[in-house]
file model-v8.csv (CSV, C-alpha atoms and all ligand atoms)
chain,number,residue,atom,x,y,z
H,1,MET,CA,99.1,145.3,107.3
H,2,SER,CA,96.6,147.6,109.1
H,3,THR,CA,93.4,146.7,107.3
H,4,PHE,CA,92.5,144.1,104.7
H,5,LEU,CA,89.6,143.3,102.4
H,6,ALA,CA,86.8,140.7,103.2
H,7,TYR,CA,83.5,139.7,101.7
H,8,ARG,CA,81.3,139.5,104.8
H,9,LEU,CA,77.8,138.4,105.4
H,10,HIS,CA,75.6,140.7,107.5
H,11,ALA,CA,72.1,140.6,108.9
H,12,ASP,CA,71.7,144.3,109.6
H,13,GLY,CA,69.1,145.1,112.2
H,14,GLY,CA,67.9,141.5,112.2
H,15,GLY,CA,66.8,141.8,108.5
H,16,ALA,CA,67.4,139.4,105.6
H,17,PRO,CA,71.1,138.5,105.4
H,18,GLY,CA,73.2,140.1,102.7
H,19,ALA,CA,76.9,140.3,101.8
H,20,ARG,CA,79.3,143.1,101.0
H,21,PHE,CA,83.0,144.0,100.8
H,22,VAL,CA,84.4,145.5,103.9
H,23,GLU,CA,87.8,146.7,105.3
H,24,LEU,CA,88.7,144.8,108.5
H,25,ARG,CA,91.5,144.4,111.0
H,26,VAL,CA,92.9,141.1,112.3
H,27,ASP,CA,91.2,141.6,115.6
H,28,ASP,CA,87.8,141.6,113.7
H,29,LEU,CA,88.4,137.9,112.7
H,30,SER,CA,87.2,134.8,114.6
H,31,PRO,CA,89.9,133.8,117.1
H,32,GLY,CA,92.6,131.2,116.4
H,33,ASP,CA,96.3,130.6,117.0
H,34,VAL,CA,97.2,130.7,113.3
H,35,LEU,CA,96.9,133.7,111.0
H,36,ILE,CA,96.9,132.8,107.3
H,37,ARG,CA,97.5,135.2,104.4
H,38,VAL,CA,95.0,133.8,102.0
H,39,ALA,CA,96.3,133.3,98.4
H,40,TYR,CA,93.2,131.6,97.0
H,41,SER,CA,89.8,130.6,98.2
H,42,SER,CA,87.1,129.1,96.1
H,43,LEU,CA,83.3,129.1,95.7
H,44,ASN,CA,81.3,126.1,96.8
H,45,TYR,CA,77.5,125.7,96.6
H,46,LYS,CA,77.2,126.1,100.3
H,47,ASP,CA,79.0,129.5,100.1
H,48,ALA,CA,76.5,130.8,97.5
H,49,LEU,CA,73.5,129.6,99.6
H,50,ALA,CA,75.0,131.2,102.7
H,51,ALA,CA,75.6,134.6,101.0
H,52,ALA,CA,72.1,134.5,99.8
H,53,GLY,CA,70.8,133.9,103.3
H,54,ARG,CA,69.3,130.5,102.3
H,55,ASN,CA,69.0,127.2,104.1
H,56,ALA,CA,70.0,128.8,107.5
H,57,ILE,CA,73.6,127.9,106.8
H,58,VAL,CA,74.9,130.9,108.7
H,59,ARG,CA,73.3,131.6,112.1
H,60,THR,CA,75.5,134.2,113.6
H,61,TYR,CA,76.5,137.5,111.9
H,62,PRO,CA,78.6,139.2,110.8
H,63,ARG,CA,80.4,136.2,109.2
H,64,ILE,CA,83.1,136.0,106.4
H,65,GLY,CA,82.1,133.2,104.1
H,66,GLY,CA,84.3,130.7,102.2
H,67,ILE,CA,84.5,127.1,103.3
H,68,ASP,CA,88.0,126.6,102.0
H,69,LEU,CA,91.2,128.5,101.6
H,70,ALA,CA,94.9,128.0,100.7
H,71,GLY,CA,97.7,130.4,101.6
H,72,HIS,CA,100.8,131.0,103.8
H,73,VAL,CA,101.0,131.2,107.5
H,74,ALA,CA,101.5,134.8,108.5
H,75,ALA,CA,101.8,134.3,112.3
H,76,SER,CA,101.5,131.2,114.5
H,77,ARG,CA,101.3,130.3,118.1
H,78,ASP,CA,101.0,126.6,117.1
H,79,ALA,CA,104.5,124.9,117.4
H,80,ARG,CA,103.8,122.7,114.3
H,81,LEU,CA,103.3,125.7,112.0
H,82,ARG,CA,105.8,128.4,111.1
H,83,GLU,CA,105.5,131.7,109.3
H,84,GLY,CA,105.7,131.1,105.5
H,85,ASP,CA,104.4,127.5,105.6
H,86,ALA,CA,102.0,126.7,102.7
H,87,VAL,CA,98.7,125.4,104.1
H,88,VAL,CA,95.2,124.4,103.3
H,89,VAL,CA,92.0,124.7,105.5
H,90,HIS,CA,88.5,123.5,104.7
H,91,GLY,CA,85.5,122.6,106.7
H,92,PHE,CA,85.6,122.7,110.6
H,93,GLY,CA,82.9,125.3,110.3
H,94,ILE,CA,85.0,128.0,108.4
H,95,GLY,CA,82.7,130.2,106.4
H,96,VAL,CA,79.7,129.0,108.5
H,97,ASP,CA,80.3,129.6,112.2
H,98,HIS,CA,83.9,130.7,112.0
H,99,ASP,CA,85.2,133.4,109.6
H,100,GLY,CA,86.3,131.7,106.3
H,101,GLY,CA,88.3,132.1,103.2
H,102,HIS,CA,86.7,135.0,101.4
H,103,ALA,CA,89.1,137.6,102.9
H,104,GLN,CA,92.8,138.4,102.5
H,105,TYR,CA,93.5,137.0,106.0
H,106,ALA,CA,91.9,134.2,108.1
H,107,ARG,CA,92.6,133.2,111.7
H,108,VAL,CA,91.9,129.6,112.8
H,109,PRO,CA,92.9,127.0,115.4
H,110,GLY,CA,96.1,125.2,114.5
H,111,GLY,CA,94.3,121.8,114.6
H,112,TRP,CA,92.3,122.8,111.5
H,113,VAL,CA,95.3,123.6,109.4
H,114,MET,CA,96.7,121.0,107.0
H,115,PRO,CA,100.1,121.5,105.3
H,116,LEU,CA,99.8,121.8,101.6
H,117,PRO,CA,99.7,118.2,100.3
H,118,ALA,CA,103.0,117.3,98.6
H,119,GLY,CA,102.9,117.6,94.8
H,120,LEU,CA,100.1,120.2,94.7
H,121,SER,CA,100.5,124.0,94.2
H,122,LEU,CA,98.4,126.4,96.2
H,123,LEU,CA,96.4,127.1,93.0
H,124,GLU,CA,95.8,123.4,92.4
H,125,ALA,CA,94.8,122.9,96.0
H,126,SER,CA,92.2,125.7,95.7
H,127,ALA,CA,91.0,124.5,92.3
H,128,LEU,CA,90.3,121.2,94.1
H,129,GLY,CA,89.2,122.7,97.5
H,130,ALA,CA,86.4,121.3,99.5
H,131,ALA,CA,84.8,120.0,96.2
H,132,GLY,CA,87.9,118.0,95.2
H,133,TYR,CA,88.2,116.6,98.7
H,134,THR,CA,84.5,115.5,98.5
H,135,ALA,CA,85.1,113.8,95.2
H,136,GLY,CA,88.2,112.1,96.5
H,137,LEU,CA,86.3,111.0,99.6
H,138,CYS,CA,83.6,109.4,97.5
H,139,LEU,CA,86.2,107.5,95.4
H,140,HIS,CA,88.1,106.5,98.6
H,141,TRP,CA,85.0,105.0,100.2
H,142,MET,CA,83.7,103.4,97.0
H,143,GLU,CA,87.0,101.6,96.4
H,144,HIS,CA,87.2,100.7,100.1
H,145,ASN,CA,83.9,98.9,99.5
H,146,GLY,CA,85.2,97.0,96.5
H,147,LEU,CA,84.7,99.3,93.5
H,148,ALA,CA,87.3,98.9,90.8
H,149,PRO,CA,87.5,100.0,87.1
H,150,ASP,CA,86.6,96.5,85.9
H,151,ALA,CA,83.4,96.3,88.0
H,152,GLY,CA,81.4,98.5,85.6
H,153,LYS,CA,80.4,102.1,85.0
H,154,VAL,CA,80.3,104.9,87.6
H,155,VAL,CA,77.5,107.5,87.3
H,156,VAL,CA,78.0,111.1,88.5
H,157,SER,CA,75.1,113.5,89.0
H,158,GLY,CA,75.3,117.3,89.0
H,159,ALA,CA,78.1,116.5,86.6
H,160,THR,CA,78.9,120.0,85.5
H,161,GLY,CA,79.0,121.3,89.1
H,162,GLY,CA,82.2,121.7,91.2
H,163,VAL,CA,82.2,118.3,92.9
H,164,GLY,CA,80.7,116.6,89.8
H,165,SER,CA,83.3,117.9,87.3
H,166,ILE,CA,86.2,116.9,89.5
H,167,ALA,CA,84.6,113.5,90.2
H,168,VAL,CA,84.2,112.9,86.4
H,169,ASP,CA,87.8,113.8,85.8
H,170,MET,CA,89.2,111.9,88.8
H,171,LEU,CA,87.3,108.7,87.9
H,172,ALA,CA,88.1,108.8,84.2
H,173,SER,CA,91.8,109.6,85.0
H,174,ARG,CA,91.8,106.5,87.2
H,175,GLY,CA,90.5,104.3,84.5
H,176,TYR,CA,86.8,104.2,85.2
H,177,ALA,CA,84.1,104.4,82.5
H,178,VAL,CA,82.0,107.4,83.6
H,179,ALA,CA,78.4,108.3,82.8
H,180,ALA,CA,77.7,112.0,83.5
H,181,LEU,CA,74.1,113.0,84.4
H,182,THR,CA,73.4,116.7,83.7
H,183,GLY,CA,70.6,119.1,83.3
H,184,LYS,CA,72.7,121.2,80.9
H,185,PRO,CA,72.1,120.2,77.2
H,186,ASP,CA,75.0,122.5,76.1
H,187,ALA,CA,77.6,120.9,78.4
H,188,HIS,CA,78.1,117.6,76.6
H,189,ALA,CA,81.4,118.6,74.9
H,190,TYR,CA,82.7,119.9,78.3
H,191,LEU,CA,81.8,116.6,80.0
H,192,ARG,CA,83.3,114.5,77.2
H,193,GLY,CA,86.5,116.6,77.5
H,194,LEU,CA,86.6,115.7,81.2
H,195,GLY,CA,86.6,112.0,80.3
H,196,ALA,CA,82.9,111.0,80.5
H,197,SER,CA,82.0,108.2,78.0
H,198,ASP,CA,78.2,108.5,78.4
H,199,ILE,CA,76.2,111.6,78.9
H,200,LEU,CA,72.6,111.4,80.2
H,201,ALA,CA,70.0,114.2,80.4
H,202,ASP,CA,68.7,114.4,83.9
H,203,ASP,CA,65.1,113.9,82.7
H,204,VAL,CA,65.9,110.2,82.7
H,205,ALA,CA,66.4,110.3,86.5
H,206,LEU,CA,63.5,112.7,87.3
H,207,ALA,CA,60.8,110.4,85.7
H,208,PRO,CA,58.9,108.0,88.0
H,209,GLY,CA,60.3,104.4,87.8
H,210,LYS,CA,59.9,100.8,89.0
H,211,PRO,CA,61.3,99.7,92.4
H,212,LEU,CA,64.1,98.0,90.6
H,213,GLU,CA,65.3,98.8,87.0
H,214,ARG,CA,68.1,97.4,84.8
H,215,GLY,CA,71.3,97.5,86.9
H,216,ALA,CA,73.7,99.8,85.1
H,217,TRP,CA,76.1,101.2,87.6
H,218,ALA,CA,78.9,99.7,89.7
H,219,GLY,CA,79.4,103.1,91.5
H,220,ALA,CA,77.5,106.3,91.9
H,221,VAL,CA,78.4,109.8,93.0
H,222,ASP,CA,75.4,111.9,93.8
H,223,ALA,CA,75.4,115.7,94.2
H,224,VAL,CA,71.7,116.2,93.7
H,225,GLY,CA,69.7,114.0,96.1
H,226,GLY,CA,65.9,113.8,95.8
H,227,ALA,CA,64.6,112.0,92.7
H,228,VAL,CA,68.1,111.6,91.3
H,229,LEU,CA,69.3,109.6,94.3
H,230,ALA,CA,66.2,107.4,94.2
H,231,TRP,CA,66.9,106.7,90.4
H,232,MET,CA,70.5,105.9,91.1
H,233,LEU,CA,69.6,103.4,93.8
H,234,ARG,CA,67.1,101.5,91.7
H,235,THR,CA,69.5,101.4,88.7
H,236,MET,CA,72.6,100.1,90.6
H,237,GLN,CA,74.0,96.8,89.6
H,238,PRO,CA,74.5,94.0,92.1
H,239,ASP,CA,77.0,94.9,94.8
H,240,GLY,CA,77.1,98.5,93.5
H,241,VAL,CA,78.3,101.3,95.8
H,242,ALA,CA,76.6,104.6,95.8
H,243,THR,CA,77.7,107.8,97.6
H,244,SER,CA,75.5,110.6,98.6
H,245,PHE,CA,76.8,114.0,99.6
H,246,GLY,CA,74.6,116.7,98.1
H,247,ASN,CA,71.1,118.1,98.0
H,248,ALA,CA,71.2,120.6,95.2
H,249,GLY,CA,68.0,119.1,93.9
H,250,GLY,CA,66.2,118.4,97.2
H,251,ALA,CA,66.8,116.6,100.5
H,252,ALA,CA,63.9,114.1,100.7
H,253,PHE,CA,63.8,111.1,98.4
H,254,ASP,CA,61.3,108.2,97.8
H,255,GLY,CA,62.9,104.8,97.8
H,256,ASN,CA,62.5,101.2,98.7
H,257,VAL,CA,64.7,98.5,100.2
H,258,LEU,CA,64.9,96.2,97.1
H,259,PRO,CA,68.2,97.5,95.9
H,260,PHE,CA,69.7,96.8,99.3
H,261,ILE,CA,68.1,93.4,100.0
H,262,LEU,CA,68.1,91.9,96.5
H,263,ARG,CA,71.2,93.4,95.0
H,264,GLY,CA,73.4,94.1,98.0
H,265,VAL,CA,73.7,97.7,97.0
H,266,ARG,CA,75.5,99.9,99.5
H,267,LEU,CA,74.7,103.6,100.1
H,268,ILE,CA,77.5,105.6,101.8
H,269,GLY,CA,76.9,109.0,103.3
H,270,ILE,CA,79.7,111.5,102.7
H,271,ASN,CA,80.5,114.3,105.1
H,272,ALA,CA,83.6,116.2,103.9
H,273,ASN,CA,84.1,117.6,107.4
H,274,SER,CA,86.4,114.7,108.2
H,275,PRO,CA,88.9,114.2,111.0
H,276,MET,CA,92.4,115.4,110.1
H,277,ALA,CA,93.9,111.9,109.8
H,278,LEU,CA,91.3,110.9,107.1
H,279,ARG,CA,91.8,114.3,105.3
H,280,GLU,CA,95.6,113.8,105.1
H,281,HIS,CA,95.1,110.2,103.8
H,282,VAL,CA,92.6,111.2,101.1
H,283,TRP,CA,94.5,114.4,100.1
H,284,ALA,CA,97.6,112.3,99.6
H,285,LYS,CA,95.6,110.1,97.2
H,286,ILE,CA,94.2,113.1,95.4
H,287,ALA,CA,97.7,114.5,94.9
H,288,GLY,CA,98.8,111.0,93.7
H,289,PRO,CA,96.8,108.1,92.4
H,290,TYR,CA,93.5,110.0,92.2
H,291,ARG,CA,95.0,113.1,90.6
H,292,PRO,CA,92.6,114.6,88.1
H,293,ARG,CA,94.1,115.5,84.8
H,294,ARG,CA,91.9,118.3,83.5
H,295,LEU,CA,91.8,120.8,86.4
H,296,GLU,CA,92.6,123.6,84.0
H,297,ALA,CA,89.4,122.9,82.1
H,298,ILE,CA,87.4,122.8,85.3
H,299,ALA,CA,88.7,125.8,87.3
H,300,SER,CA,88.2,129.4,86.3
H,301,VAL,CA,90.3,131.8,88.3
H,302,ILE,CA,88.3,135.0,89.2
H,303,ALA,CA,89.2,138.3,90.9
H,304,PHE,CA,87.9,138.9,94.4
H,305,ASP,CA,85.4,141.5,93.2
H,306,ALA,CA,83.9,138.9,90.8
H,307,LEU,CA,82.7,136.7,93.6
H,308,PRO,CA,79.1,138.0,94.0
H,309,GLY,CA,78.4,137.5,90.2
H,310,ALA,CA,79.8,134.0,90.4
H,311,MET,CA,77.6,133.2,93.3
H,312,ALA,CA,74.5,134.4,91.4
H,313,ARG,CA,75.5,132.2,88.4
H,314,MET,CA,75.9,129.2,90.7
H,315,LEU,CA,72.5,129.6,92.3
H,316,ALA,CA,70.9,130.1,88.9
H,317,ARG,CA,72.5,126.8,87.8
H,318,THR,CA,74.3,128.5,84.9
H,319,SER,CA,77.8,128.0,86.2
H,320,ARG,CA,80.0,125.0,85.6
H,321,GLY,CA,83.2,123.6,87.1
H,322,ARG,CA,84.9,125.5,89.9
H,323,TYR,CA,85.5,129.2,90.6
H,324,VAL,CA,88.9,129.9,92.3
H,325,VAL,CA,89.1,133.3,93.9
H,326,ARG,CA,92.6,134.9,93.7
H,327,MET,CA,93.0,137.2,96.6
H,328,PRO,CA,94.5,140.6,95.9
H,329,ASP,CA,98.2,141.1,97.0
F,1,LIG,N1,78.3,116.4,102.3
F,1,LIG,C1,79.3,117.2,102.1
F,1,LIG,O1,80.3,117.2,102.9
F,1,LIG,C2,79.4,118.1,100.9
F,1,LIG,C3,80.6,118.5,100.4
F,1,LIG,C4,80.6,119.3,99.2
F,1,LIG,C5,79.4,119.6,98.6
F,1,LIG,N2,78.2,119.2,99.1
F,1,LIG,C6,76.9,119.5,98.5
F,1,LIG,O2,77.0,118.9,97.2
F,1,LIG,C7,76.2,119.6,96.3
F,1,LIG,C8,77.0,120.0,95.1
F,1,LIG,O3,78.0,121.0,95.5
F,1,LIG,P1,78.9,121.8,94.4
F,1,LIG,O4,79.8,122.7,95.2
F,1,LIG,O5,79.5,120.8,93.4
F,1,LIG,O6,77.8,122.6,93.7
F,1,LIG,P2,77.6,123.2,92.2
F,1,LIG,O7,79.0,123.5,91.7
F,1,LIG,O8,76.7,124.3,92.3
F,1,LIG,O9,77.0,122.0,91.5
F,1,LIG,C9,75.7,121.5,91.7
F,1,LIG,C10,75.2,120.8,90.4
F,1,LIG,O10,74.1,120.1,90.7
F,1,LIG,C11,73.2,120.1,89.6
F,1,LIG,N3,71.8,120.4,90.0
F,1,LIG,C12,70.8,119.6,89.9
F,1,LIG,N4,69.7,120.1,90.3
F,1,LIG,C13,70.0,121.3,90.7
F,1,LIG,C14,69.3,122.4,91.3
F,1,LIG,N5,67.9,122.3,91.5
F,1,LIG,N6,69.9,123.5,91.6
F,1,LIG,C15,71.2,123.6,91.4
F,1,LIG,N7,72.0,122.6,90.9
F,1,LIG,C16,71.4,121.5,90.5
F,1,LIG,C17,73.8,121.1,88.6
F,1,LIG,O11,74.6,120.3,87.7
F,1,LIG,P3,74.0,119.9,86.2
F,1,LIG,O12,73.4,121.2,85.7
F,1,LIG,O13,75.2,119.4,85.4
F,1,LIG,O14,72.9,118.9,86.4
F,1,LIG,C18,74.8,121.9,89.4
F,1,LIG,O15,75.9,122.3,88.6
F,1,LIG,C19,75.6,120.8,97.1
F,1,LIG,O16,74.3,120.3,97.6
F,1,LIG,C20,76.6,120.9,98.2
F,1,LIG,O17,76.0,121.6,99.3
F,1,LIG,C21,78.2,118.5,100.3
call {"tool": "encode", "arguments": {"input": "model-v8.csv", "output": "structure tokens"}}
result
Amino acid sequence: MSTFLAYRLHADGGGAPGARFVELRVDDLSPGDVLIRVAYSSLNYKDALAAAGRNAIVRTYPRIGGIDLAGHVAASRDARLREGDAVVVHGFGIGVDHDGGHAQYARVPGGWVMPLPAGLSLLEASALGAAGYTAGLCLHWMEHNGLAPDAGKVVVSGATGGVGSIAVDMLASRGYAVAALTGKPDAHAYLRGLGASDILADDVALAPGKPLERGAWAGAVDAVGGAVLAWMLRTMQPDGVATSFGNAGGAAFDGNVLPFILRGVRLIGINANSPMALREHVWAKIAGPYRPRRLEAIASVIAFDALPGAMARMLARTSRGRYVVRMPD
């Protein structure tokens, strides 16, 4: 290969960042001892924000976006990885401060590379991607803190989003009763199809409330933050376990300690940029007991040149589920 295609973010002349397709050579990529031929990448909210130059996600340009990828090793100086191995990479700063998955090739340190989890295809691993890992990590830590299907319902916010859709499917497939909170009135059939038993319009969470309200949730998976997280906490049932990983609706939230000190509610912060041992443990669960059953309904496979349009839909909150980017051969 002499050159290959990448969707790269630029801040030309120090101006507002933008993104465009460019032809690159391997030497243009961030350094690393493993070169990967990317088969699939995906689109996560952070990628769309980065490409739009929002939230100061990318600070050094030019940068290839894409916080996850799946593909085959093309060359390796890491003894654990051989040419042809099927691998997955997410986090560790790819797509942010190291060139990421939105290109036909990526080059990364060997310690960031995870063998494709047994039982998953490259396409399934990308349909899950950083979003599926985040949903799996929420379930892992909630169950570690005592959540079980007979404890009560689990509420999922941002339910039509990438993490939210997989969380609804994953939880329902594991036997949980799932309440999906969404701002999309036309998405109820989609969410029921993923296994949600209750659908709530997000107005319910955005209205002001009392410091404690009727306890309704044994578990909570929050993509939105802000007022939605505050509502979740005041409506958790005793010993409920809530997980917070997103700020699609805002970072700051107003809350009080009563859910914690009167109900023993636990709030667990989720950072998907985990150490490798935790990744391998949780991915094995995602490929096994946590396996979602409706990934085909969640993931749309798009061509590489469709990426900018998908990013615009994601930022306009008109997308749903996951976009998987199939790299050209
Ligand atoms: N901590 C971590 O390691 C980690 C890992 C992965 C993702 N995240 C974060 O988690 C959040 C969700 O990520 P994602 O990839 O699932 O994103 P996504 O596919 O864009 O989904 C976000 C969903 O949030 C809901 N939402 C509520 N208020 C919104 C608003 N003001 N603007 C946009 N969406 C809004 C929407 O669902 P409804 O229309 O159904 O309400 C939307 O579909 C993002 O903040 C992302 O940065 C964090």
call {"tool": "residues_near_point", "arguments": {"input": "model-v8.csv", "point": "(103.7, 128.5, 109.3)", "cutoff": "10 Å", "atoms": "all atoms listed in the file", "output": "PyMOL selection string"}}
result
chain H and resi 34-36+71-87+110+113+115
call {"tool": "residues_near_ligand", "arguments": {"input": "model-v8.csv", "ligand": "ligand LIG 1 (chain F)", "cutoff": "7 Å", "atoms": "all atoms listed in the file", "output": "PyMOL selection string"}}
result
chain H and resi 44-46+130-131+134+157-164+181-184+202+223-224+245-249+270-273+314-317+319-322
call {"tool": "residues_around", "arguments": {"input": "model-v8.csv", "residues": "Leu229 of chain H", "least_positions_apart": "6", "cutoff": "9 Å", "atoms": "all atoms listed in the file", "output": "PDB file with C-alpha atoms, in the frame of the given file"}}
result
ATOM      1  CA  SER H 157      75.100 113.500  89.000  1.00  0.00           C
ATOM      2  CA  ALA H 205      66.400 110.300  86.500  1.00  0.00           C
ATOM      3  CA  ASP H 222      75.400 111.900  93.800  1.00  0.00           C
ATOM      4  CA  ALA H 223      75.400 115.700  94.200  1.00  0.00           C
ATOM      5  CA  ALA H 242      76.600 104.600  95.800  1.00  0.00           C
ATOM      6  CA  SER H 244      75.500 110.600  98.600  1.00  0.00           C
ATOM      7  CA  PHE H 253      63.800 111.100  98.400  1.00  0.00           C
ATOM      8  CA  ASP H 254      61.300 108.200  97.800  1.00  0.00           C
ATOM      9  CA  GLY H 255      62.900 104.800  97.800  1.00  0.00           C
TER      10      GLY H 255
END
call {"tool": "closest_residue", "arguments": {"input": "model-v8.csv", "among": "H:Gln237, H:Ala220, H:Met327, H:Met142", "to": "Ala180 of chain H", "atoms": "only C-alpha atoms"}}
result
H:Ala220
call {"tool": "residues_around", "arguments": {"input": "model-v8.csv", "residues": "segment 13-23 of chain H", "least_positions_apart": "5", "cutoff": "12 Å", "atoms": "only C-alpha atoms", "output": "PyMOL selection string"}}
result
chain H and resi 1-8+28-29+47-65+102-105+304-308+311
call {"tool": "residues_around", "arguments": {"input": "model-v8.csv", "residues": "Gly209 of chain H", "least_positions_apart": "5", "cutoff": "12 Å", "atoms": "all atoms listed in the file", "output": "list in words"}}
result
Asp203, Val204, Arg214, Ala227, Val228, Ala230, Trp231, Met232, Leu233, Arg234, Thr235, Asp254, Gly255 and Asn256 of chain H
call {"tool": "atom_distance", "arguments": {"input": "model-v8.csv", "atom1": "atom CA of Ala216 of chain H", "atom2": "atom CA of Met236 of chain H"}}
result
5.6 Å
